[in-house]
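The next block is entry25.cif, given as mmCIF, C-alpha atoms and all ligand atoms.
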data_work
#
loop_
_atom_site.label_atom_id
_atom_site.label_comp_id
_atom_site.auth_asym_id
_atom_site.auth_seq_id
_atom_site.Cartn_x
_atom_site.Cartn_y
_atom_site.Cartn_z
CA MET A 1 -237.97 -34.51 -165.77
CA MET A 2 -237.41 -32.40 -162.68
CA ARG A 3 -233.96 -31.36 -161.64
CA THR A 4 -233.49 -30.06 -158.14
CA ALA A 5 -232.01 -26.61 -157.83
CA VAL A 6 -228.45 -26.42 -156.56
CA ARG A 7 -228.80 -25.54 -152.92
CA THR A 8 -225.43 -26.36 -151.41
CA THR A 9 -223.27 -23.66 -149.94
CA ALA A 10 -220.44 -25.07 -152.07
CA SER A 11 -221.99 -23.32 -155.02
CA VAL A 12 -221.46 -19.96 -153.37
CA LEU A 13 -218.50 -17.85 -154.54
CA VAL A 14 -218.25 -19.27 -158.00
CA PHE A 15 -219.97 -16.98 -160.43
CA PHE A 16 -218.62 -13.76 -161.87
CA PHE A 17 -217.84 -11.24 -159.15
CA GLY A 18 -219.75 -13.37 -156.72
CA LEU A 19 -223.01 -15.22 -156.78
CA ALA A 20 -224.41 -16.17 -153.41
CA LEU A 21 -227.18 -18.66 -153.06
CA ILE A 22 -229.54 -18.03 -150.19
CA VAL A 23 -231.91 -20.70 -148.98
CA ALA A 24 -234.56 -19.73 -146.49
CA GLN A 25 -237.15 -21.96 -144.90
CA ALA A 26 -240.64 -20.47 -144.77
CA GLY A 27 -243.52 -22.62 -143.63
CA GLY A 28 -241.68 -25.74 -144.70
CA VAL A 29 -241.18 -24.49 -148.25
CA ALA A 30 -237.63 -23.87 -149.37
CA ILE A 31 -237.21 -20.50 -151.04
CA THR A 32 -234.12 -20.07 -153.14
CA ALA A 33 -232.92 -16.66 -154.15
CA ALA A 34 -229.82 -15.62 -155.99
CA VAL A 35 -227.95 -12.47 -155.10
CA VAL A 36 -225.35 -11.11 -157.50
CA CYS A 37 -222.72 -8.86 -155.95
CA ASP A 38 -220.24 -6.56 -157.63
CA ALA A 39 -216.50 -6.55 -156.86
CA THR A 40 -217.05 -4.49 -153.69
CA GLY A 41 -219.64 -6.92 -152.39
CA LYS A 42 -222.53 -4.53 -153.00
CA THR A 43 -225.75 -6.24 -154.07
CA VAL A 44 -226.57 -5.37 -157.67
CA ASN A 45 -229.35 -7.82 -158.36
CA ALA A 46 -231.65 -10.01 -156.39
CA HIS A 47 -234.82 -11.81 -157.41
CA PRO A 48 -236.62 -14.94 -156.33
CA ALA A 49 -235.61 -18.19 -157.98
CA PRO A 50 -237.28 -18.32 -161.39
CA ARG A 51 -238.71 -21.66 -162.52
CA ILE A 52 -237.50 -22.39 -166.04
CA VAL A 53 -238.52 -25.26 -168.32
CA ILE A 54 -235.70 -26.21 -170.67
CA ASP A 55 -236.86 -28.14 -173.73
CA PRO A 56 -234.14 -29.94 -175.70
CA GLY A 57 -235.67 -30.22 -179.18
CA HIS A 58 -236.27 -33.58 -180.90
CA GLY A 59 -234.97 -36.94 -179.60
CA GLY A 60 -235.46 -40.65 -180.22
CA ARG A 61 -236.44 -41.38 -183.82
CA ASP A 62 -236.67 -37.63 -184.45
CA ALA A 63 -233.07 -36.47 -184.93
CA GLY A 64 -234.09 -33.03 -186.24
CA VAL A 65 -231.69 -31.63 -188.82
CA SER A 66 -228.26 -33.16 -189.42
CA ALA A 67 -224.90 -31.85 -190.54
CA LYS A 68 -222.97 -33.31 -193.48
CA ASN A 69 -220.56 -34.85 -190.96
CA GLY A 70 -223.44 -36.71 -189.31
CA THR A 71 -223.87 -34.43 -186.28
CA ARG A 72 -227.51 -34.69 -185.24
CA GLU A 73 -229.59 -31.81 -183.90
CA SER A 74 -231.19 -34.00 -181.20
CA ASP A 75 -227.78 -34.80 -179.67
CA ILE A 76 -226.57 -31.18 -179.66
CA THR A 77 -229.83 -29.83 -178.22
CA LEU A 78 -229.57 -32.29 -175.32
CA ALA A 79 -225.90 -31.53 -174.63
CA ILE A 80 -226.41 -27.75 -174.66
CA SER A 81 -229.65 -27.99 -172.65
CA ARG A 82 -227.94 -29.99 -169.89
CA LEU A 83 -225.10 -27.46 -169.69
CA LEU A 84 -227.59 -24.59 -169.72
CA ALA A 85 -229.54 -26.26 -166.90
CA SER A 86 -226.37 -26.53 -164.80
CA GLU A 87 -225.45 -22.89 -165.40
CA LEU A 88 -228.93 -21.64 -164.50
CA GLU A 89 -229.11 -23.87 -161.41
CA ILE A 90 -225.86 -22.36 -160.16
CA MET A 91 -227.41 -18.92 -160.66
CA GLY A 92 -230.35 -20.03 -158.50
CA ALA A 93 -233.04 -21.08 -161.00
CA GLU A 94 -235.26 -24.10 -160.56
CA ILE A 95 -234.97 -26.17 -163.72
CA ILE A 96 -237.41 -28.63 -165.22
CA MET A 97 -236.30 -30.53 -168.33
CA THR A 98 -238.90 -31.84 -170.82
CA ARG A 99 -236.39 -34.60 -171.61
CA ASP A 100 -233.09 -35.46 -169.99
CA GLY A 101 -232.21 -38.52 -172.05
CA GLU A 102 -231.82 -39.51 -175.68
CA MET A 103 -235.48 -40.41 -176.08
CA ALA A 104 -238.26 -37.97 -176.92
CA LEU A 105 -241.56 -38.18 -175.03
CA TYR A 106 -243.70 -39.98 -177.63
CA ASP A 107 -245.24 -43.39 -177.19
CA GLU A 108 -243.86 -45.86 -179.78
CA ASN A 109 -247.43 -46.93 -180.61
CA ALA A 110 -248.85 -43.42 -180.97
CA PRO A 111 -250.51 -42.88 -184.38
CA ASN A 112 -248.61 -39.58 -184.72
CA ARG A 113 -245.40 -39.72 -182.68
CA LYS A 114 -244.45 -36.08 -183.31
CA MET A 115 -247.83 -34.83 -182.12
CA ASP A 116 -247.74 -37.18 -179.10
CA ASP A 117 -244.25 -35.88 -178.25
CA MET A 118 -245.29 -32.24 -178.53
CA ARG A 119 -248.46 -32.73 -176.48
CA LYS A 120 -246.44 -34.36 -173.71
CA ARG A 121 -243.90 -31.53 -173.74
CA HIS A 122 -246.81 -29.11 -173.38
CA ARG A 123 -248.07 -31.17 -170.45
CA VAL A 124 -244.70 -30.80 -168.70
CA ILE A 125 -244.93 -27.04 -169.22
CA GLU A 126 -248.53 -26.82 -167.97
CA ARG A 127 -247.65 -28.79 -164.82
CA ALA A 128 -244.54 -26.69 -164.13
CA LYS A 129 -246.30 -23.29 -164.44
CA PRO A 130 -242.89 -21.81 -165.27
CA ASP A 131 -241.67 -18.24 -165.37
CA LEU A 132 -240.00 -19.07 -168.67
CA VAL A 133 -239.84 -21.86 -171.26
CA VAL A 134 -236.63 -22.13 -173.30
CA SER A 135 -236.70 -24.55 -176.22
CA ILE A 136 -233.26 -25.35 -177.63
CA HIS A 137 -232.82 -26.15 -181.34
CA MET A 138 -230.27 -26.07 -184.15
CA ASN A 139 -230.98 -24.42 -187.47
CA SER A 140 -230.32 -25.45 -191.06
CA PHE A 141 -230.33 -23.53 -194.34
CA PRO A 142 -229.02 -25.87 -197.04
CA GLY A 143 -229.60 -23.22 -199.73
CA ASP A 144 -226.66 -21.17 -198.42
CA ASN A 145 -224.18 -22.97 -196.20
CA SER A 146 -222.47 -19.70 -195.23
CA VAL A 147 -225.47 -18.69 -193.08
CA ASN A 148 -224.59 -19.03 -189.40
CA GLY A 149 -225.31 -17.75 -185.92
CA LEU A 150 -227.83 -17.79 -183.12
CA GLN A 151 -231.37 -16.47 -183.31
CA CYS A 152 -234.22 -16.22 -180.78
CA PHE A 153 -237.84 -16.80 -181.71
CA TYR A 154 -241.13 -16.23 -179.94
CA HIS A 155 -244.78 -16.90 -180.73
CA GLU A 156 -247.06 -13.92 -181.28
CA MET A 157 -249.56 -15.50 -178.86
CA GLY A 158 -247.10 -16.77 -176.26
CA GLY A 159 -247.09 -14.84 -172.95
CA ASN A 160 -244.47 -12.09 -173.00
CA GLY A 161 -242.04 -14.29 -174.92
CA ARG A 162 -241.40 -11.53 -177.43
CA ASP A 163 -239.82 -9.16 -174.93
CA ILE A 164 -237.74 -11.90 -173.32
CA ALA A 165 -236.59 -13.14 -176.74
CA ARG A 166 -235.55 -9.59 -177.65
CA ARG A 167 -233.62 -9.18 -174.40
CA ILE A 168 -231.84 -12.52 -174.85
CA GLN A 169 -231.01 -11.68 -178.48
CA THR A 170 -229.68 -8.27 -177.46
CA HIS A 171 -227.33 -9.85 -174.91
CA ILE A 172 -226.16 -12.51 -177.35
CA ASN A 173 -225.56 -9.85 -180.03
CA LYS A 174 -223.35 -7.95 -177.57
CA THR A 175 -221.07 -10.96 -177.06
CA GLY A 176 -219.71 -10.45 -180.58
CA MET A 177 -219.81 -14.22 -181.10
CA PHE A 178 -222.21 -13.98 -184.02
CA LYS A 179 -223.56 -11.72 -186.73
CA THR A 180 -226.14 -9.56 -184.94
CA ARG A 181 -229.72 -10.54 -185.58
CA PRO A 182 -233.20 -9.47 -184.45
CA ALA A 183 -235.47 -11.75 -182.44
CA MET A 184 -238.24 -13.00 -184.72
CA PRO A 185 -241.77 -14.35 -184.42
CA GLY A 186 -241.92 -18.04 -185.29
CA ASP A 187 -244.77 -20.46 -185.79
CA TYR A 188 -243.43 -23.10 -183.40
CA PHE A 189 -245.98 -25.36 -181.73
CA ILE A 190 -243.91 -25.69 -178.53
CA LEU A 191 -244.27 -21.93 -178.02
CA GLU A 192 -248.07 -22.07 -178.11
CA THR A 193 -248.47 -21.87 -174.35
CA ALA A 194 -249.75 -19.30 -171.88
CA TYR A 195 -246.29 -19.07 -170.29
CA PRO A 196 -243.46 -16.82 -171.51
CA SER A 197 -241.68 -18.95 -174.07
CA VAL A 198 -238.70 -18.56 -176.36
CA LEU A 199 -237.04 -20.85 -178.85
CA ILE A 200 -233.31 -20.49 -179.44
CA GLU A 201 -231.82 -21.73 -182.70
CA CYS A 202 -228.23 -22.02 -181.46
CA GLY A 203 -226.51 -22.28 -184.82
CA PHE A 204 -226.65 -23.76 -188.31
CA LEU A 205 -225.76 -27.41 -188.85
CA SER A 206 -225.82 -26.63 -192.59
CA ASN A 207 -222.72 -24.44 -192.05
CA PRO A 208 -219.76 -26.88 -191.87
CA PRO A 209 -217.47 -24.83 -189.57
CA GLU A 210 -220.36 -23.99 -187.24
CA ALA A 211 -221.49 -27.64 -187.22
CA GLU A 212 -217.94 -28.66 -186.22
CA ARG A 213 -217.93 -26.10 -183.40
CA LEU A 214 -221.40 -27.06 -182.15
CA ALA A 215 -220.24 -30.66 -181.72
CA THR A 216 -217.37 -29.79 -179.37
CA PRO A 217 -217.93 -29.79 -175.57
CA GLU A 218 -215.84 -26.61 -175.18
CA TYR A 219 -218.01 -24.61 -177.56
CA GLN A 220 -221.19 -26.11 -176.09
CA ARG A 221 -220.06 -24.93 -172.64
CA THR A 222 -219.28 -21.42 -173.91
CA LEU A 223 -222.61 -21.18 -175.68
CA ALA A 224 -224.57 -22.51 -172.69
CA ALA A 225 -222.84 -20.04 -170.38
CA GLN A 226 -223.61 -17.09 -172.68
CA ILE A 227 -227.24 -18.15 -173.09
CA ALA A 228 -227.58 -18.56 -169.32
CA VAL A 229 -226.23 -15.06 -168.67
CA ALA A 230 -228.58 -13.67 -171.34
CA ILE A 231 -231.59 -15.47 -169.86
CA TRP A 232 -230.72 -14.36 -166.34
CA ALA A 233 -230.32 -10.74 -167.43
CA SER A 234 -233.61 -10.90 -169.34
CA LEU A 235 -235.40 -11.79 -166.11
CA GLU A 236 -234.15 -8.74 -164.18
CA PRO A 237 -237.31 -6.64 -163.81
CA ASP A 238 -235.74 -3.27 -162.95
CA LYS A 239 -233.35 -3.24 -165.89
CA ASN A 240 -235.98 -4.20 -168.43
CA PRO A 241 -238.38 -1.55 -169.69
CA ALA A 242 -241.88 -2.68 -170.59
CA ASP A 243 -241.46 -1.88 -174.30
CA VAL A 244 -238.39 -3.75 -175.43
CA PRO A 245 -236.88 -2.62 -178.72
CA ASN A 246 -235.85 -5.32 -181.15
CA PRO A 247 -232.07 -5.35 -181.63
CA ALA A 248 -230.89 -3.97 -184.95
CA THR A 249 -229.86 -6.37 -187.68
ZN ZN B 1 -235.27 -28.34 -184.30
#
Could you rewrite the structure in this file as structure tokens?
Ligand SMILES: [Zn+2]
Amino acid sequence: MMRTAVRTTASVLVFFFGLALIVAQAGGVAITAAVVCDATGKTVNAHPAPRIVIDPGHGGRDAGVSAKNGTRESDITLAISRLLASELEIMGAEIIMTRDGEMALYDENAPNRKMDDMRKRHRVIERAKPDLVVSIHMNSFPGDNSVNGLQCFYHEMGGNGRDIARRIQTHINKTGMFKTRPAMPGDYFILETAYPSVLIECGFLSNPPEAERLATPEYQRTLAAQIAVAIWASLEPDKNPADVPNPAT
């Protein structure tokens, strides 16, 4: 589902030292660009509005993993994805959601609902021709319920997802919110696309305290804001060398 980028002047002046949203009209096509200024008003970053597909994992009959307290992955992925979409729209991104409701994309009568769902998500991505795909998931490791934290994944074949995943992971590691981790390759079907794609496992529902946190709107907002900043920074071309080192464990 398409969400229109925030283009009102009311959104100016709200982000960090100052994020201004510039809308220009060129040949009838609206061009949105975000300009980030430092405290003195000097421009420190400017790039054209990136088009980002946000993919809230699971949905409908497919709840994903669940916490002992009943918290379902599909609900948390949707909540965080919506908040992430809002944050990135304020920054100037054009956002396309693969789903923006409780239901997944599968047809009830499809012989393989999961495959139908995934194919339709891929179709959304192909139509959008995005600069970045971000799939949002929650992790689970029942074998050790102390395992926690956020980790970025990329597909070996997927665009330049590896470098973007490494940049996002590096920024998240610097927040000090989690144990530092490297970005890792992952065999996720959603990432098998020609466009730069990353999958973010936002936390472990198998870890009871983390599952509690993930279910609260305050924590979801904090997490979405940090992920948005990390994504935005990962798209800055001049600050990102071609060969991105993987953050240390
Ligand atoms: Zn998942």
TODO: Record the distance separating atom CA of A:Glu192 and atom CA of A:Asn246, expressed in Å with one decimal.
DONE: 21.0 Å
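Residues of protein, DNA or RNA having any atom at most 8 Å from ligand ZN 1 (chain B), counting all atoms listed in the file, are Gly57, His58, Gly64, Val65, Glu73, Ser74, Ile136, His137, Met138, Asn139 and Glu201 of chain A.
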TODO: Find the spatial neighbours of A:Arg119, counting all atoms listed in the file, within a cut-off of 9 Å - ignore same-chain residues fewer than 4 positions away - and output them as a PyMOL selection string.
DONE: chain A and resi 105-106+114-115+123-124+190
Open item on the list: Calculated over only C-alpha atoms, which of the candidates A:Pro182, A:Pro48, A:Gly60, A:Pro196 has the smallest distance to A:Asp107?
Closed with: A:Gly60
Open item on the list: One decimal, in Å: what's the spacing between atom CA of A:Ile227 and atom CA of A:Glu102?
Closed with: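 That distance, rounded to one decimal, is 22.0 Å.
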Open item on the list: Could you tell me how far atom CA of A:Asn145 sits from atom CA of A:Leu205, in Å to one decimal place?
Closed with: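 These two atoms are separated by 8.7 Å.
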Would you compute an axis-aligned box for stretch 90-102 of chain A, covering every atom listed for it in the file with 8 Å of margin on each side, and report centre and edge lengths in Å to one decimal as AutoDock Vina command-line options?
--center_x -232.4 --center_y -29.2 --center_z -167.1 --size_x 29.0 --size_y 36.6 --size_z 33.2
Which residues of stretch 80-199 of chain A come within 9 Å of stretch 210-219 of chain A, and for each one, what is the closest pair of atoms and their distance in Å to one decimal, counting only C-alpha atoms, sorted by chain and residue number, as a Markdown table?
| residue | atom | partner | partner_atom | distance |
| --- | --- | --- | --- | --- |
| A:Ile80 | CA | A:Pro217 | CA | 8.8 |
| A:Asn148 | CA | A:Glu210 | CA | 6.9 |
| A:Gly149 | CA | A:Glu210 | CA | 8.1 |
Open item on the list: I need the residue nearest A:Pro56 from this list: A:Ala165, A:Met157, A:Ala183, A:Leu199. Use only C-alpha atoms for the distance.
Closed with: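 The closest residue to A:Pro56 is A:Leu199.
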